[in-house]
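Shown next: model36.cif, containing mmCIF, C-alpha atoms.
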data_target
#
loop_
_atom_site.group_PDB
_atom_site.id
_atom_site.type_symbol
_atom_site.label_atom_id
_atom_site.label_comp_id
_atom_site.auth_asym_id
_atom_site.auth_seq_id
_atom_site.Cartn_x
_atom_site.Cartn_y
_atom_site.Cartn_z
ATOM 1 C CA MET A 1 24.543 56.994 92.106
ATOM 2 C CA SER A 2 22.150 54.440 90.630
ATOM 3 C CA GLN A 3 18.876 55.741 92.089
ATOM 4 C CA THR A 4 17.554 59.165 91.165
ATOM 5 C CA THR A 5 14.215 60.922 91.542
ATOM 6 C CA ASP A 6 13.008 63.425 88.957
ATOM 7 C CA ILE A 7 11.368 66.615 90.135
ATOM 8 C CA LYS A 8 10.117 69.803 88.544
ATOM 9 C CA ILE A 9 10.764 73.244 90.029
ATOM 10 C CA PHE A 10 8.722 76.305 89.079
ATOM 11 C CA MET A 11 9.915 79.786 90.057
ATOM 12 C CA ASP A 12 8.469 83.275 89.747
ATOM 13 C CA GLU A 13 8.421 86.626 91.505
ATOM 14 C CA SER A 14 5.710 88.935 92.799
ATOM 15 C CA GLY A 15 5.821 92.635 93.557
ATOM 16 C CA LYS A 16 8.685 93.523 91.253
ATOM 17 C CA ASP A 17 9.796 97.125 91.865
ATOM 18 C CA ASN A 18 7.357 97.458 94.770
ATOM 19 C CA ASP A 19 8.433 98.002 98.352
ATOM 20 C CA ILE A 20 7.709 94.390 99.349
ATOM 21 C CA SER A 21 8.937 91.821 96.831
ATOM 22 C CA LEU A 22 8.793 88.026 96.812
ATOM 23 C CA PHE A 23 10.679 85.437 94.798
ATOM 24 C CA GLY A 24 9.542 81.875 95.293
ATOM 25 C CA GLY A 25 9.601 78.365 93.979
ATOM 26 C CA VAL A 26 7.535 75.192 94.116
ATOM 27 C CA SER A 27 9.023 71.719 93.693
ATOM 28 C CA ILE A 28 6.933 68.702 92.700
ATOM 29 C CA PRO A 29 8.038 65.139 91.915
ATOM 30 C CA THR A 30 7.556 64.626 88.180
ATOM 31 C CA ASN A 31 5.346 61.553 88.682
ATOM 32 C CA ASN A 32 2.962 63.611 90.809
ATOM 33 C CA TYR A 33 2.973 66.507 88.360
ATOM 34 C CA ASN A 34 2.013 64.106 85.581
ATOM 35 C CA THR A 35 -1.153 62.899 87.333
ATOM 36 C CA PRO A 36 -4.462 63.379 85.425
ATOM 37 C CA ALA A 37 -5.746 66.088 87.798
ATOM 38 C CA ILE A 38 -2.780 68.319 86.951
ATOM 39 C CA GLN A 39 -2.372 67.435 83.290
ATOM 40 C CA GLN A 40 -6.038 67.997 82.472
ATOM 41 C CA LEU A 41 -5.655 71.580 83.670
ATOM 42 C CA ASN A 42 -2.397 71.884 81.757
ATOM 43 C CA THR A 43 -4.126 70.827 78.537
ATOM 44 C CA LYS A 44 -6.845 73.446 79.050
ATOM 45 C CA LEU A 45 -4.181 76.061 79.720
ATOM 46 C CA VAL A 46 -2.206 75.284 76.567
ATOM 47 C CA ASN A 47 -5.416 75.210 74.519
ATOM 48 C CA GLY A 48 -6.316 78.709 75.692
ATOM 49 C CA GLU A 49 -9.318 77.620 77.772
ATOM 50 C CA LEU A 50 -7.780 78.932 81.012
ATOM 51 C CA HIS A 51 -5.878 82.085 81.909
ATOM 52 C CA PHE A 52 -4.446 83.080 85.264
ATOM 53 C CA HIS A 53 -3.159 86.458 86.412
ATOM 54 C CA PHE A 54 -4.019 87.057 90.061
ATOM 55 C CA THR A 55 -3.098 90.737 89.836
ATOM 56 C CA LYS A 56 -6.199 91.211 87.663
ATOM 57 C CA TYR A 57 -8.445 88.673 89.415
ATOM 58 C CA THR A 58 -12.218 89.174 89.075
ATOM 59 C CA ARG A 59 -15.020 87.292 90.805
ATOM 60 C CA TYR A 60 -16.057 85.773 87.475
ATOM 61 C CA GLU A 61 -12.837 83.745 87.521
ATOM 62 C CA PHE A 62 -13.532 82.092 90.872
ATOM 63 C CA GLN A 63 -14.098 78.612 89.468
ATOM 64 C CA ASN A 64 -10.857 78.599 87.450
ATOM 65 C CA TYR A 65 -8.751 79.650 90.428
ATOM 66 C CA TYR A 66 -10.552 77.270 92.756
ATOM 67 C CA ASP A 67 -9.932 74.380 90.335
ATOM 68 C CA LEU A 68 -6.249 75.353 90.129
ATOM 69 C CA ILE A 69 -5.781 75.301 93.902
ATOM 70 C CA HIS A 70 -7.857 72.157 94.319
ATOM 71 C CA ALA A 71 -5.829 70.259 91.694
ATOM 72 C CA PHE A 72 -2.551 70.998 93.448
ATOM 73 C CA LEU A 73 -4.061 70.237 96.851
ATOM 74 C CA SER A 74 -4.580 66.694 95.572
ATOM 75 C CA ILE A 75 -0.770 66.294 95.479
ATOM 76 C CA SER A 76 0.070 68.697 98.304
ATOM 77 C CA ASP A 77 1.839 66.040 100.383
ATOM 78 C CA SER A 78 4.603 65.934 97.764
ATOM 79 C CA ILE A 79 4.913 69.703 97.218
ATOM 80 C CA SER A 80 7.673 71.872 98.702
ATOM 81 C CA ILE A 81 7.447 75.675 98.683
ATOM 82 C CA ASN A 82 10.286 78.105 99.372
ATOM 83 C CA ILE A 83 10.029 81.916 99.253
ATOM 84 C CA ILE A 84 12.307 84.841 100.022
ATOM 85 C CA ALA A 85 10.752 88.232 100.765
ATOM 86 C CA TRP A 86 12.514 91.558 101.072
ATOM 87 C CA LYS A 87 11.953 95.295 101.206
ATOM 88 C CA LYS A 88 13.510 97.127 98.314
ATOM 89 C CA ASN A 89 14.196 100.306 100.263
ATOM 90 C CA ILE A 90 16.588 98.498 102.623
ATOM 91 C CA PHE A 91 18.993 97.791 99.776
ATOM 92 C CA THR A 92 18.475 100.907 97.682
ATOM 93 C CA ARG A 93 19.585 102.997 100.678
ATOM 94 C CA HIS A 94 23.058 101.449 100.618
ATOM 95 C CA ASP A 95 25.541 104.330 100.376
ATOM 96 C CA LEU A 96 28.058 102.553 98.151
ATOM 97 C CA LEU A 97 26.214 99.814 96.243
ATOM 98 C CA LYS A 98 22.598 100.894 95.716
ATOM 99 C CA ASP A 99 23.092 100.939 91.943
ATOM 100 C CA LEU A 100 23.648 97.166 92.059
ATOM 101 C CA TYR A 101 20.229 96.389 93.554
ATOM 102 C CA SER A 102 18.880 94.512 90.513
ATOM 103 C CA ASP A 103 22.154 92.625 90.071
ATOM 104 C CA MET A 104 21.964 91.511 93.695
ATOM 105 C CA VAL A 105 18.363 90.360 93.369
ATOM 106 C CA TYR A 106 18.803 88.262 90.233
ATOM 107 C CA SER A 107 22.265 86.887 90.952
ATOM 108 C CA LYS A 108 21.591 85.747 94.522
ATOM 109 C CA ILE A 109 17.926 85.308 95.402
ATOM 110 C CA PRO A 110 16.793 82.810 92.701
ATOM 111 C CA GLU A 111 19.775 80.592 93.521
ATOM 112 C CA ARG A 112 18.970 80.601 97.238
ATOM 113 C CA VAL A 113 15.297 79.846 96.608
ATOM 114 C CA CYS A 114 16.191 76.948 94.333
ATOM 115 C CA TYR A 115 18.883 75.601 96.638
ATOM 116 C CA GLY A 116 16.409 75.645 99.517
ATOM 117 C CA LEU A 117 14.032 73.416 97.539
ATOM 118 C CA LEU A 118 16.742 70.875 96.711
ATOM 119 C CA ARG A 119 18.698 70.543 99.941
ATOM 120 C CA ASN A 120 17.943 68.187 102.831
ATOM 121 C CA HIS A 121 16.817 65.281 100.705
ATOM 122 C CA SER A 122 18.222 61.880 101.568
ATOM 123 C CA ASN A 123 21.780 61.261 100.368
ATOM 124 C CA LEU A 124 20.713 57.729 99.458
ATOM 125 C CA VAL A 125 18.727 58.910 96.437
ATOM 126 C CA GLY A 126 19.865 61.519 93.927
ATOM 127 C CA ILE A 127 17.611 64.331 92.730
ATOM 128 C CA SER A 128 17.489 65.471 89.108
ATOM 129 C CA ALA A 129 15.504 68.670 88.674
ATOM 130 C CA ASP A 130 14.027 70.407 85.646
ATOM 131 C CA LEU A 131 13.696 74.113 86.396
ATOM 132 C CA PHE A 132 11.084 76.380 84.803
ATOM 133 C CA ILE A 133 11.160 80.153 85.302
ATOM 134 C CA GLU A 134 8.455 82.362 83.819
ATOM 135 C CA SER A 135 10.071 84.235 80.950
ATOM 136 C CA SER A 136 10.592 87.971 80.890
ATOM 137 C CA THR A 137 12.772 90.365 78.938
ATOM 138 C CA GLU A 138 14.937 91.025 81.994
ATOM 139 C CA TYR A 139 15.441 87.315 82.646
ATOM 140 C CA LYS A 140 16.439 86.785 79.019
ATOM 141 C CA ASN A 141 18.893 89.662 79.117
ATOM 142 C CA ARG A 142 20.440 88.283 82.291
ATOM 143 C CA ASN A 143 20.443 84.697 81.009
ATOM 144 C CA LEU A 144 18.863 83.857 84.342
ATOM 145 C CA GLN A 145 18.024 80.240 83.602
ATOM 146 C CA ASP A 146 21.630 79.274 82.798
ATOM 147 C CA ASN A 147 23.117 81.296 85.634
ATOM 148 C CA VAL A 148 20.860 79.731 88.262
ATOM 149 C CA LYS A 149 21.602 76.253 86.960
ATOM 150 C CA LYS A 150 25.355 76.825 87.049
ATOM 151 C CA GLN A 151 25.301 78.443 90.501
ATOM 152 C CA VAL A 152 23.178 75.733 92.112
ATOM 153 C CA ASN A 153 25.079 72.840 90.542
ATOM 154 C CA THR A 154 28.456 74.342 91.431
ATOM 155 C CA HIS A 155 27.370 74.888 95.024
ATOM 156 C CA ALA A 156 25.983 71.349 95.192
ATOM 157 C CA LEU A 157 29.355 69.939 94.130
ATOM 158 C CA TYR A 158 31.138 72.129 96.671
ATOM 159 C CA ARG A 159 28.826 70.787 99.416
ATOM 160 C CA TYR A 160 28.861 67.286 97.891
ATOM 161 C CA ASP A 161 25.079 67.295 97.745
ATOM 162 C CA THR A 162 23.275 64.589 95.801
ATOM 163 C CA PHE A 163 21.189 66.758 93.494
ATOM 164 C CA ARG A 164 21.548 68.650 90.260
ATOM 165 C CA ILE A 165 19.559 70.856 87.953
ATOM 166 C CA ARG A 166 19.442 68.844 84.757
ATOM 167 C CA LYS A 167 17.544 71.329 82.621
ATOM 168 C CA SER A 168 16.733 75.000 83.156
ATOM 169 C CA LEU A 169 14.324 76.911 80.912
ATOM 170 C CA LEU A 170 12.586 80.234 80.592
ATOM 171 C CA ALA A 171 8.984 79.274 79.847
ATOM 172 C CA GLU A 172 6.403 81.564 78.274
ATOM 173 C CA LYS A 173 3.154 82.152 80.100
ATOM 174 C CA ASN A 174 0.290 79.674 79.583
ATOM 175 C CA VAL A 175 2.436 76.624 78.775
ATOM 176 C CA GLN A 176 3.097 75.136 82.251
ATOM 177 C CA ILE A 177 0.280 74.890 84.802
ATOM 178 C CA GLY A 178 2.959 74.551 87.489
ATOM 179 C CA LEU A 179 4.121 78.079 86.726
ATOM 180 C CA GLU A 180 0.560 79.420 86.856
ATOM 181 C CA PHE A 181 0.052 77.751 90.236
ATOM 182 C CA THR A 182 3.346 79.169 91.527
ATOM 183 C CA ASP A 183 2.527 82.654 90.247
ATOM 184 C CA THR A 184 -0.954 82.516 91.824
ATOM 185 C CA LEU A 185 0.222 81.180 95.179
ATOM 186 C CA ILE A 186 3.048 83.714 95.512
ATOM 187 C CA GLY A 187 0.662 86.498 94.462
ATOM 188 C CA ILE A 188 -1.853 85.446 97.125
ATOM 189 C CA ILE A 189 0.840 85.233 99.795
ATOM 190 C CA ARG A 190 2.190 88.672 98.937
ATOM 191 C CA PHE A 191 -1.341 90.114 98.990
ATOM 192 C CA ILE A 192 -1.879 88.631 102.461
ATOM 193 C CA MET A 193 1.456 89.967 103.733
ATOM 194 C CA VAL A 194 0.941 93.473 102.355
ATOM 195 C CA HIS A 195 -2.572 93.722 103.775
ATOM 196 C CA ALA A 196 -1.762 92.111 107.119
ATOM 197 C CA SER A 197 -1.139 95.722 108.100
ATOM 198 C CA MET A 198 -3.549 98.629 107.901
ATOM 199 C CA ALA A 199 -0.664 100.754 106.631
ATOM 200 C CA ASP A 200 -1.362 99.949 102.981
ATOM 201 C CA ALA A 201 -4.932 101.157 102.641
ATOM 202 C CA SER A 202 -4.697 102.976 99.332
ATOM 203 C CA ASP A 203 -6.717 100.470 97.291
ATOM 204 C CA ARG A 204 -9.139 99.118 99.881
ATOM 205 C CA ASN A 205 -12.189 100.599 98.189
ATOM 206 C CA SER A 206 -11.403 99.139 94.775
ATOM 207 C CA ASN A 207 -13.334 96.221 93.294
ATOM 208 C CA ASN A 208 -10.057 94.458 92.589
ATOM 209 C CA PHE A 209 -9.097 94.546 96.269
ATOM 210 C CA ARG A 210 -12.509 93.331 97.423
ATOM 211 C CA ASN A 211 -12.592 90.556 94.827
ATOM 212 C CA LYS A 212 -9.226 89.246 96.028
ATOM 213 C CA VAL A 213 -10.279 89.390 99.671
ATOM 214 C CA ASP A 214 -13.479 87.523 98.793
ATOM 215 C CA PHE A 215 -11.542 84.826 96.998
ATOM 216 C CA ILE A 216 -8.935 84.344 99.729
ATOM 217 C CA LYS A 217 -11.532 84.192 102.489
ATOM 218 C CA THR A 218 -13.623 81.712 100.538
ATOM 219 C CA VAL A 219 -10.793 79.254 99.938
ATOM 220 C CA LEU A 220 -8.830 79.934 103.133
ATOM 221 C CA PRO A 221 -9.313 76.430 104.604
ATOM 222 C CA GLU A 222 -7.761 74.969 101.456
ATOM 223 C CA LEU A 223 -5.087 77.647 101.281
ATOM 224 C CA MET A 224 -4.011 76.954 104.857
ATOM 225 C CA VAL A 225 -2.995 73.425 103.858
ATOM 226 C CA LEU A 226 -0.549 74.949 101.379
ATOM 227 C CA ILE A 227 0.437 77.896 103.567
ATOM 228 C CA LYS A 228 1.587 75.568 106.337
ATOM 229 C CA LYS A 229 3.959 73.965 103.845
ATOM 230 C CA VAL A 230 5.593 77.265 102.894
ATOM 231 C CA ASN A 231 9.084 78.078 104.081
ATOM 232 C CA ILE A 232 9.300 81.850 103.778
ATOM 233 C CA PHE A 233 12.196 84.020 104.874
ATOM 234 C CA GLU A 234 12.750 87.757 105.003
ATOM 235 C CA LEU A 235 16.068 88.963 103.640
ATOM 236 C CA THR A 236 17.407 91.805 105.753
ATOM 237 C CA ALA A 237 20.688 93.646 106.006
ATOM 238 C CA GLN A 238 23.931 91.685 106.396
ATOM 239 C CA ASP A 239 22.496 88.715 104.470
ATOM 240 C CA HIS A 240 20.259 87.616 107.336
ATOM 241 C CA LEU A 241 17.353 85.337 106.444
ATOM 242 C CA THR A 242 14.676 85.485 109.127
ATOM 243 C CA LYS A 243 11.854 82.950 109.021
ATOM 244 C CA ILE A 244 8.379 84.466 108.756
ATOM 245 C CA SER A 245 5.308 82.903 110.370
ATOM 246 C CA LEU A 246 2.840 82.939 107.507
ATOM 247 C CA PRO A 247 -0.121 81.688 109.626
ATOM 248 C CA LYS A 248 0.362 84.759 111.848
ATOM 249 C CA CYS A 249 0.255 86.955 108.742
ATOM 250 C CA VAL A 250 -3.015 85.274 107.789
ATOM 251 C CA SER A 251 -4.478 86.016 111.224
ATOM 252 C CA LEU A 252 -3.524 89.686 110.916
ATOM 253 C CA PHE A 253 -4.917 89.772 107.376
ATOM 254 C CA GLU A 254 -8.244 88.393 108.588
ATOM 255 C CA ALA A 255 -8.355 90.916 111.433
ATOM 256 C CA ASN A 256 -7.566 93.851 109.151
ATOM 257 C CA THR A 257 -10.133 92.848 106.527
ATOM 258 C CA ILE A 258 -12.874 91.809 108.962
ATOM 259 C CA ASN A 259 -15.404 94.211 107.431
ATOM 260 C CA ILE A 260 -14.437 93.406 103.843
ATOM 261 C CA GLY A 261 -15.351 90.395 101.783
ATOM 262 C CA SER A 262 -18.968 89.577 102.674
ATOM 263 C CA GLU A 263 -19.451 88.068 99.229
ATOM 264 C CA HIS A 264 -17.377 84.999 100.156
ATOM 265 C CA ILE A 265 -20.323 83.588 102.133
ATOM 266 C CA LYS A 266 -22.528 83.772 99.040
ATOM 267 C CA VAL A 267 -19.798 82.284 96.880
ATOM 268 C CA ALA A 268 -19.422 79.249 99.132
ATOM 269 C CA LYS A 269 -23.158 78.583 98.905
ATOM 270 C CA ASN A 270 -23.024 78.717 95.118
ATOM 271 C CA TYR A 271 -20.315 76.049 94.913
ATOM 272 C CA PRO A 272 -21.439 72.891 96.738
ATOM 273 C CA ASN A 273 -18.375 71.010 95.441
ATOM 274 C CA LEU A 274 -16.249 73.458 97.461
ATOM 275 C CA ARG A 275 -17.940 72.325 100.670
ATOM 276 C CA ALA A 276 -17.669 68.649 99.729
ATOM 277 C CA ASN A 277 -13.989 68.849 98.781
ATOM 278 C CA ARG A 278 -13.163 70.872 101.888
ATOM 279 C CA LYS A 279 -13.799 67.906 104.179
ATOM 280 C CA LYS A 280 -10.785 66.097 102.689
ATOM 281 C CA TYR A 281 -8.385 68.831 103.686
ATOM 282 C CA LEU A 282 -9.524 70.041 107.098
ATOM 283 C CA ASN A 283 -7.860 67.103 108.876
ATOM 284 C CA ARG A 284 -4.476 68.242 107.516
ATOM 285 C CA LEU A 285 -4.572 71.592 109.325
#
Is it possible to express this structure as structure tokens?
Amino acid sequence: MSQTTDIKIFMDESGKDNDISLFGGVSIPTNNYNTPAIQQLNTKLVNGELHFHFTKYTRYEFQNYYDLIHAFLSISDSISINIIAWKKNIFTRHDLLKDLYSDMVYSKIPERVCYGLLRNHSNLVGISADLFIESSTEYKNRNLQDNVKKQVNTHALYRYDTFRIRKSLLAEKNVQIGLEFTDTLIGIIRFIMVHASMADASDRNSNNFRNKVDFIKTVLPELMVLIKKVNIFELTAQDHLTKISLPKCVSLFEANTINIGSEHIKVAKNYPNLRANRKKYLNRL
């Protein structure tokens, strides 16, 4: 095939070893990823000027996280997002195979997330993807990057799909802004899903919880542009993937945090560029 398009795929997980876990990926055409808005942030990240870890988010980091989301909103039309969510206790209750839970997660779910990002492109143009997975000791021990590449490429040949993973790497933190964006977005989505129910109320009085609610409510109009692009599925028993309505989760999250997060009104007033930029995105909802 003479024509090919280069894309980058970034994958990470959220909620490891918690009851609700997510593994997701974001694909971006390389030309779009290389635009100044993205690469300027990447330079700051590599130089140590920026750090992202949504689990430990504080209100003093608002501007950095807002800039991260805003930069990727500028290329959101070209972004694809695929996530699989599951409940650990469903699989660890298996009478015969519960000891293989981790093997199941890392041998099947990353491949399915990646395959979902690559399929359904036009057969007239080939896709060559560079895959980046945030490094961890477990991923290294499992040789995850090579296994995912081999699984996806083998399945693509079997289906005679016109894509391939050309390069697959475990990347350390703070070297690829695409990974930081993916990690942040998946972390936000998991936070919304977990707290769409009043069942998990153990940390609702903590500053960390309130800071995250403040942030999400402040940037929700922008987030909804991305959220509506997310394909998210719940993995249940018998290998069933059931599509989740993320906008409905957001509505439940807003209802269940209605008395939390008053600071987001003050935050919006302190950042006039937030209000100005918002106008560009509201017509996409």
Open item on the list: Translate the PyMOL selection byres ((chain A and resi 56) around 12) into a concrete residue list for this structure, as an MDAnalysis selection string.
Closed with: chainID A and resid 51:55 57:61 184 187:188 206:212
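From atom CA of Leu185 of chain A back to atom CA of Ser74 of chain A, the distance works out to 15.3 Å.
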- [ ] Could you tell me which of A:Ile186, A:Ile75, A:Val113, A:Val125 comes closest to Asp161 of chain A if we count all atoms listed in the file?
- [x]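 Using all atoms listed in the file, Asp161 of chain A sits closest to A:Val125.
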- [ ] Identify all residues satisfying the PyMOL selection byres ((chain A and resi 12) around 10) in the given file; provide them as a ChimeraX atom specification.
- [x] /A:10-11,13-14,22-26,83,110,132-135,179-180,182-184,186-187
Open item on the list: If the PyMOL selection byres ((chain A and resi 169) around 6) were run on this exact file, what residues would it hold? Put them as number ranges by chain.
Closed with: A: 132, 145, 168, 170-171
TODO: Could you check which of A:Leu252, A:Ile7, A:Ala156, A:Ile20 is closest to Ala196 of chain A, using all atoms listed in the file?
DONE: A:Leu252
TODO: Compare A:Ala71, A:Val46, A:Leu41, A:Ile109 by their minimum atom-to-atom distance to Val175 of chain A, counting only C-alpha atoms, and give me the closest one.
DONE: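 Of the candidates, the smallest distance to Val175 of chain A is held by A:Val46.
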Open item on the list: So that I can check the surroundings of segment 157-160 of chain A, please list as a ChimeraX atom specification every protein, DNA and RNA residue that reaches within 12 Å of it, counting all atoms listed in the file and ignoring chain neighbours fewer than 3 positions away.
Closed with: /A:115,119-120,123,126,150-154,163-165
Open item on the list: One number please: atom CA of His195 of chain A to atom CA of Gly178 of chain A, in Å, one decimal.
Closed with: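 Straight-line distance from atom CA of His195 of chain A to atom CA of Gly178 of chain A works out to 25.8 Å.
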